[in-house]
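Undergrad: Data file entry-v6.csv (CSV, C-alpha atoms) is appended below.
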chain,number,residue,atom,x,y,z
U,24,MET,CA,-3.3,32.7,-11.6
U,25,GLY,CA,0.5,33.0,-11.1
U,26,THR,CA,2.5,30.2,-9.7
U,27,LYS,CA,4.0,30.6,-6.2
U,28,ARG,CA,7.6,31.8,-6.2
U,29,LYS,CA,10.3,29.3,-5.0
U,30,PHE,CA,13.9,29.6,-4.1
U,31,TYR,CA,16.3,26.7,-4.8
U,32,VAL,CA,19.2,26.0,-2.5
U,33,VAL,CA,22.2,24.1,-4.0
U,34,TRP,CA,24.5,22.8,-1.3
U,35,LYS,CA,26.6,20.7,-3.6
U,36,GLY,CA,26.8,21.4,-7.4
U,37,LYS,CA,28.8,23.3,-10.0
U,38,HIS,CA,28.3,26.6,-8.1
U,39,PRO,CA,26.6,26.2,-4.7
U,40,GLY,CA,24.2,29.0,-3.8
U,41,ILE,CA,20.5,30.1,-3.8
U,42,TYR,CA,18.7,30.4,-7.2
U,43,GLU,CA,15.4,31.9,-8.1
U,44,SER,CA,14.3,29.5,-10.9
U,45,TRP,CA,14.4,25.8,-11.5
U,46,ASP,CA,16.3,26.3,-14.8
U,47,ASP,CA,19.1,28.1,-13.0
U,48,CYS,CA,19.2,25.4,-10.3
U,49,LYS,CA,19.1,22.6,-12.8
U,50,ALA,CA,22.1,24.2,-14.6
U,51,GLN,CA,24.1,23.8,-11.4
U,52,ILE,CA,23.2,20.1,-10.7
U,53,LYS,CA,22.9,18.6,-14.1
U,54,GLY,CA,25.6,16.0,-14.6
U,55,PHE,CA,27.0,16.7,-11.1
U,56,LYS,CA,27.4,13.5,-9.2
U,57,GLY,CA,26.1,13.6,-5.6
U,58,ALA,CA,24.3,17.0,-6.1
U,59,GLN,CA,22.5,18.3,-3.1
U,60,TYR,CA,19.6,20.7,-3.6
U,61,LYS,CA,16.0,21.5,-2.4
U,62,SER,CA,13.4,24.2,-3.0
U,63,PHE,CA,11.9,26.6,-0.4
U,64,GLN,CA,8.9,28.9,-0.3
U,65,ASP,CA,10.7,32.1,0.9
U,66,PHE,CA,14.2,33.5,0.8
U,67,ALA,CA,14.8,33.7,4.5
U,68,GLU,CA,14.1,30.0,4.8
U,69,ALA,CA,16.4,29.2,1.9
U,70,LYS,CA,19.2,31.3,3.3
U,71,LYS,CA,18.9,29.6,6.7
U,72,ALA,CA,19.0,26.2,4.9
U,73,PHE,CA,22.0,27.1,2.8
U,74,ASN,CA,24.0,28.0,5.9
U,75,SER,CA,23.0,24.7,7.5
U,76,ASN,CA,23.6,21.1,6.6
U,77,TYR,CA,21.8,19.5,3.7
U,78,LEU,CA,21.1,16.3,5.8
U,79,GLU,CA,18.9,18.4,8.1
U,80,TYR,CA,16.6,19.1,5.2
U,81,LYS,CA,16.9,15.9,3.0
U,82,GLY,CA,13.5,14.2,2.5
U,83,LYS,CA,11.7,16.6,4.9
U,84,SER,CA,8.6,18.6,4.1
U,85,LYS,CA,7.9,21.9,5.9
U,86,GLY,CA,5.0,21.8,8.3
U,87,LYS,CA,4.7,18.0,8.4
U,88,LYS,CA,5.2,16.1,11.6
U,89,GLU,CA,8.3,13.9,11.7
U,90,LEU,CA,7.7,10.2,12.1
U,91,SER,CA,8.5,8.5,15.4
U,92,ALA,CA,11.0,5.6,15.6
U,93,GLU,CA,8.0,3.3,16.1
U,94,GLU,CA,6.3,4.6,13.0
U,95,LEU,CA,9.5,4.3,10.9
U,96,LEU,CA,9.9,0.7,12.1
U,97,LYS,CA,6.3,-0.1,11.2
U,98,ILE,CA,6.8,1.3,7.7
U,99,GLY,CA,10.1,-0.5,7.2
U,100,GLU,CA,12.3,-0.1,4.1
U,101,PRO,CA,11.2,0.2,0.5
U,102,ASN,CA,11.2,-2.8,-1.7
U,103,TYR,CA,14.1,-2.2,-4.1
U,104,ASN,CA,12.9,-4.9,-6.5
U,105,SER,CA,10.7,-2.2,-8.0
U,106,ILE,CA,10.4,0.8,-10.3
U,107,SER,CA,9.3,4.3,-9.2
U,108,VAL,CA,7.4,6.9,-11.2
U,109,ASP,CA,6.9,10.6,-10.8
U,110,ALA,CA,5.8,13.7,-12.7
U,111,ALA,CA,6.6,17.4,-12.7
U,112,SER,CA,4.7,20.4,-13.9
U,113,SER,CA,5.9,24.0,-14.2
U,114,GLY,CA,2.6,25.6,-13.4
U,115,ASN,CA,-0.8,24.2,-13.0
U,116,PRO,CA,-1.5,23.8,-15.8
U,117,GLY,CA,2.0,24.2,-17.4
U,118,LYS,CA,4.7,22.2,-19.1
U,119,MET,CA,4.6,18.7,-17.7
U,120,GLU,CA,6.8,15.6,-18.0
U,121,TYR,CA,7.0,12.2,-16.3
U,122,GLN,CA,9.4,9.4,-15.9
U,123,GLY,CA,10.1,5.9,-14.5
U,124,VAL,CA,13.3,4.8,-12.9
U,125,ASP,CA,14.8,1.7,-11.2
U,126,THR,CA,14.2,2.4,-7.5
U,127,LYS,CA,17.6,1.2,-6.4
U,128,THR,CA,19.9,2.5,-9.1
U,129,LYS,CA,17.7,5.5,-10.3
U,130,LYS,CA,18.5,4.3,-13.8
U,131,LYS,CA,15.9,5.9,-16.1
U,132,LEU,CA,13.6,3.4,-17.7
U,133,PHE,CA,11.3,5.7,-19.6
U,134,LYS,CA,10.5,9.4,-19.9
U,135,GLN,CA,7.8,11.4,-21.7
U,136,GLY,CA,7.4,15.1,-22.3
U,137,PRO,CA,7.6,17.9,-21.8
U,138,PHE,CA,4.0,18.4,-22.9
U,139,GLU,CA,3.0,22.0,-23.5
U,140,GLU,CA,0.0,22.1,-21.2
U,141,GLY,CA,-0.7,19.5,-18.5
U,142,THR,CA,-1.0,19.0,-14.7
U,143,ASN,CA,1.1,17.1,-12.2
U,144,ASN,CA,-1.9,14.7,-11.5
U,145,ILE,CA,-2.2,13.9,-15.2
U,146,GLY,CA,1.5,13.2,-15.3
U,147,GLU,CA,1.4,10.9,-12.2
U,148,PHE,CA,-1.5,9.0,-13.8
U,149,LEU,CA,0.2,8.5,-17.1
U,150,ALA,CA,3.4,7.6,-15.4
U,151,LEU,CA,1.6,4.8,-13.5
U,152,VAL,CA,-0.1,3.4,-16.6
U,153,HIS,CA,3.2,3.6,-18.5
U,154,GLY,CA,4.9,1.7,-15.6
U,155,LEU,CA,2.2,-1.0,-15.6
U,156,ALA,CA,2.6,-1.5,-19.4
U,157,PHE,CA,6.4,-1.5,-19.1
U,158,LEU,CA,6.4,-4.2,-16.4
U,159,LYS,CA,3.8,-6.3,-18.2
U,160,ASN,CA,5.7,-6.1,-21.5
U,161,ASN,CA,8.9,-7.2,-19.7
U,162,LYS,CA,7.1,-9.9,-17.8
U,163,SER,CA,8.4,-8.4,-14.6
U,164,THR,CA,7.1,-9.1,-11.1
U,165,ARG,CA,8.5,-5.9,-9.7
U,166,VAL,CA,6.5,-3.5,-7.5
U,167,LEU,CA,5.5,-0.1,-8.9
U,168,TYR,CA,5.9,2.9,-6.6
U,169,SER,CA,4.1,6.2,-6.8
U,170,ASP,CA,3.8,9.1,-4.3
U,171,SER,CA,0.4,10.2,-5.6
U,172,ARG,CA,-2.7,8.8,-4.0
U,173,ILE,CA,-4.8,10.7,-6.5
U,174,ALA,CA,-3.2,9.0,-9.5
U,175,MET,CA,-3.4,5.6,-7.8
U,176,GLY,CA,-7.1,6.2,-7.3
U,177,TRP,CA,-7.6,7.1,-10.9
U,178,VAL,CA,-5.8,4.0,-12.0
U,179,ARG,CA,-8.0,1.9,-9.8
U,180,LYS,CA,-11.1,3.5,-11.5
U,181,LYS,CA,-9.4,3.2,-14.9
U,182,LYS,CA,-10.3,6.8,-15.6
U,183,CYS,CA,-8.2,10.0,-15.5
U,184,GLY,CA,-10.2,12.4,-13.3
U,185,THR,CA,-8.6,15.6,-14.4
U,186,LYS,CA,-10.7,18.8,-14.7
U,187,LEU,CA,-8.4,20.2,-17.3
U,188,LYS,CA,-10.2,21.1,-20.5
U,189,LYS,CA,-9.1,19.8,-23.9
U,190,ASN,CA,-7.7,22.5,-26.3
U,191,SER,CA,-5.3,22.9,-29.1
U,192,LYS,CA,-2.3,23.1,-26.8
U,193,ASN,CA,-3.0,19.8,-25.0
U,194,LYS,CA,-4.6,17.8,-27.8
U,195,THR,CA,-1.6,15.4,-27.9
U,196,LEU,CA,-1.7,14.9,-24.1
U,197,PHE,CA,-5.4,14.1,-24.2
U,198,GLU,CA,-4.8,11.5,-26.9
U,199,LEU,CA,-2.3,9.9,-24.5
U,200,ILE,CA,-4.8,10.0,-21.7
U,201,GLN,CA,-7.3,8.2,-23.9
U,202,ARG,CA,-4.7,5.5,-24.8
U,203,ALA,CA,-3.9,5.0,-21.1
U,204,GLU,CA,-7.5,4.6,-20.2
U,205,GLU,CA,-8.0,2.1,-23.1
U,206,TRP,CA,-5.0,0.2,-21.9
U,207,LEU,CA,-6.4,-0.1,-18.4
U,208,ASN,CA,-9.7,-1.3,-19.7
U,209,GLN,CA,-8.3,-3.8,-22.1
U,210,ASN,CA,-5.5,-5.3,-20.0
U,211,THR,CA,-5.1,-7.2,-16.7
U,212,TYR,CA,-2.0,-7.0,-14.5
U,213,ASP,CA,-0.6,-8.5,-11.3
U,214,THR,CA,1.8,-5.6,-10.5
U,215,PRO,CA,1.4,-4.4,-6.9
U,216,ILE,CA,1.1,-0.6,-6.9
U,217,ALA,CA,2.4,0.8,-3.7
U,218,LYS,CA,2.6,4.2,-2.1
U,219,TRP,CA,6.0,5.6,-1.7
U,220,GLU,CA,6.4,6.7,1.9
U,221,THR,CA,8.1,10.1,1.5
U,222,LYS,CA,8.1,11.0,5.1
U,223,ALA,CA,10.0,7.8,6.0
U,224,TRP,CA,12.2,7.4,2.9
U,225,GLY,CA,12.7,10.8,1.4
U,226,GLU,CA,11.7,11.9,-2.1
U,227,ILE,CA,10.8,9.2,-4.5
U,228,PRO,CA,13.8,8.1,-6.7
U,229,ALA,CA,12.0,9.3,-9.8
U,230,ASP,CA,11.5,12.8,-8.4
U,231,PHE,CA,12.4,15.7,-10.7
U,232,GLY,CA,13.7,17.8,-7.8
U,233,ARG,CA,11.2,20.6,-8.1
U,234,LYS,CA,9.4,20.3,-4.8
Could you write out this structure as structure tokens?
TA:
Amino acid sequence: MGTKRKFYVVWKGKHPGIYESWDDCKAQIKGFKGAQYKSFQDFAEAKKAFNSNYLEYKGKSKGKKELSAEELLKIGEPNYNSISVDAASSGNPGKMEYQGVDTKTKKKLFKQGPFEEGTNNIGEFLALVHGLAFLKNNKSTRVLYSDSRIAMGWVRKKKCGTKLKKNSKNKTLFELIQRAEEWLNQNTYDTPIAKWETKAWGEIPADFGRK
């Protein structure tokens, strides 16, 4: 099954414009301080966005109801004494990678991949376990943020619930999954795992920018 085509708008980058692949978009924003970009499902929408202000689209997801002032007040601000994790997959399955960053500064704390064949959910799961181990090894009391309820559920169950089948391409990835599950079953932790409220705060700081 083919992946759905996307169009990438770069408002601020080396060469602002509309790009038809993530690699082309990434070439415009990599190393560019304050880059502004976002993906869209069709060209007409991307063209409209490019001719508009980036702030009108930042942190917003098409088709999702905007939060009211009361809802935003109830959610509050994120805890910046934390780290954030996220994953990205080019295809499902496809090349997958994950990373963890300092929530406030976006400084990269760890990154793994790309793996030749994986899924976004697997990446989110591995990122959370890596984050837990990272914080425990550093004796840190920081909060751990994820925007994936599925991965958070897998961590609670101490089991990766993927339906992806093991093969020669993803053998290394499945070995990593096994190690992550073993870590969860052999270790205890006090780290609070919290849901990143994307609709209120925008994309999670560890986001790869491919949404």
Undergrad: At a cut-off of 12 Å, using only C-alpha atoms, what residues contact Asn102 (chain U)? Leave out same-chain residues fewer than 6 positions from it and give the result as a VMD selection string.
TA: chain U and resid 125 to 127 165 to 168 215 to 220 224
Undergrad: Compile the contact shell of Asn193 (chain U) as a PyMOL selection string: residues with an atom at most 9 Å away, counting only C-alpha atoms, same-chain residues fewer than 4 positions apart removed.
TA: chain U and resi 138-141+188-189+197-198
Undergrad: In Å, with one decimal, what is the gap from CA of Ile52 (chain U) to CA of Val33 (chain U)?
TA: 7.9 Å
Undergrad: Please compute the CA of Lys35 (chain U)-CA of Gly117 (chain U) distance, one decimal, in Å.
TA: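 Distance between the two atoms: 28.4 Å.
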Undergrad: If you measure from CA of Glu147 (chain U) to CA of Lys159 (chain U), what distance in Å do you get, rounded to one decimal?
TA: 18.4 Å
Undergrad: Have a look at U:Lys61, U:Lys181, U:Lys131, U:Arg172 and name the one nearest to Cys48 (chain U); count only C-alpha atoms.
TA: U:Lys61
Undergrad: Determine the nearest neighbour of Ala156 (chain U) from the options U:Leu207, U:Leu199, U:Leu187, U:Val178, counting only C-alpha atoms.
TA: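 Counting only C-alpha atoms, the residue closest to Ala156 (chain U) is U:Leu207.
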Undergrad: Please check which residues have atoms at most 12 Å from (15.1, 2.6, -17.8) in the file's coordinates, counting all atoms listed in the file, and write them as a list in words.
TA: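 Collected hits near the coordinates: Ser105, Ile106, Ser107, Val108, Gln122, Gly123, Val124, Asp125, Thr126, Lys127, Thr128, Lys129, Lys130, Lys131, Leu132, Phe133, Lys134, His153, Gly154, Phe157, Leu158, Asn161 and Ala229 of chain U.
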Undergrad: Pick from U:Lys192, U:Lys182, U:Lys118, U:Lys37: nearest to Lys56 (chain U), with all atoms listed in the file counted?
TA: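 The answer is U:Lys37, which sits nearest to Lys56 (chain U).
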Undergrad: Which residue gives the smallest distance to Glu93 (chain U) among U:Leu151, U:Ala69, U:Ala58, U:Ala223, with all atoms listed in the file counted?
TA: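 The closest residue to Glu93 (chain U) is U:Ala223.
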Undergrad: Between U:Leu196, U:Met119, U:Ala203, U:Ile227, single out the one closest to Ser171 (chain U), counting only C-alpha atoms.
TA: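 Of U:Leu196, U:Met119, U:Ala203, U:Ile227, the one nearest Ser171 (chain U), counting only C-alpha atoms, is U:Ile227.
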Undergrad: Considering only C-alpha atoms, state which residue in the set U:Tyr212, U:Gly40, U:Ala72, U:Ser113 is at the smallest distance from Gly232 (chain U).
TA: U:Ser113
Undergrad: If you count all atoms listed in the file, which residues fall within 10 Å of Trp206 (chain U), apart from same-chain ones fewer than 4 positions away, as number ranges by chain?
TA: U: 152-153, 155-156, 181, 200-202, 210-211
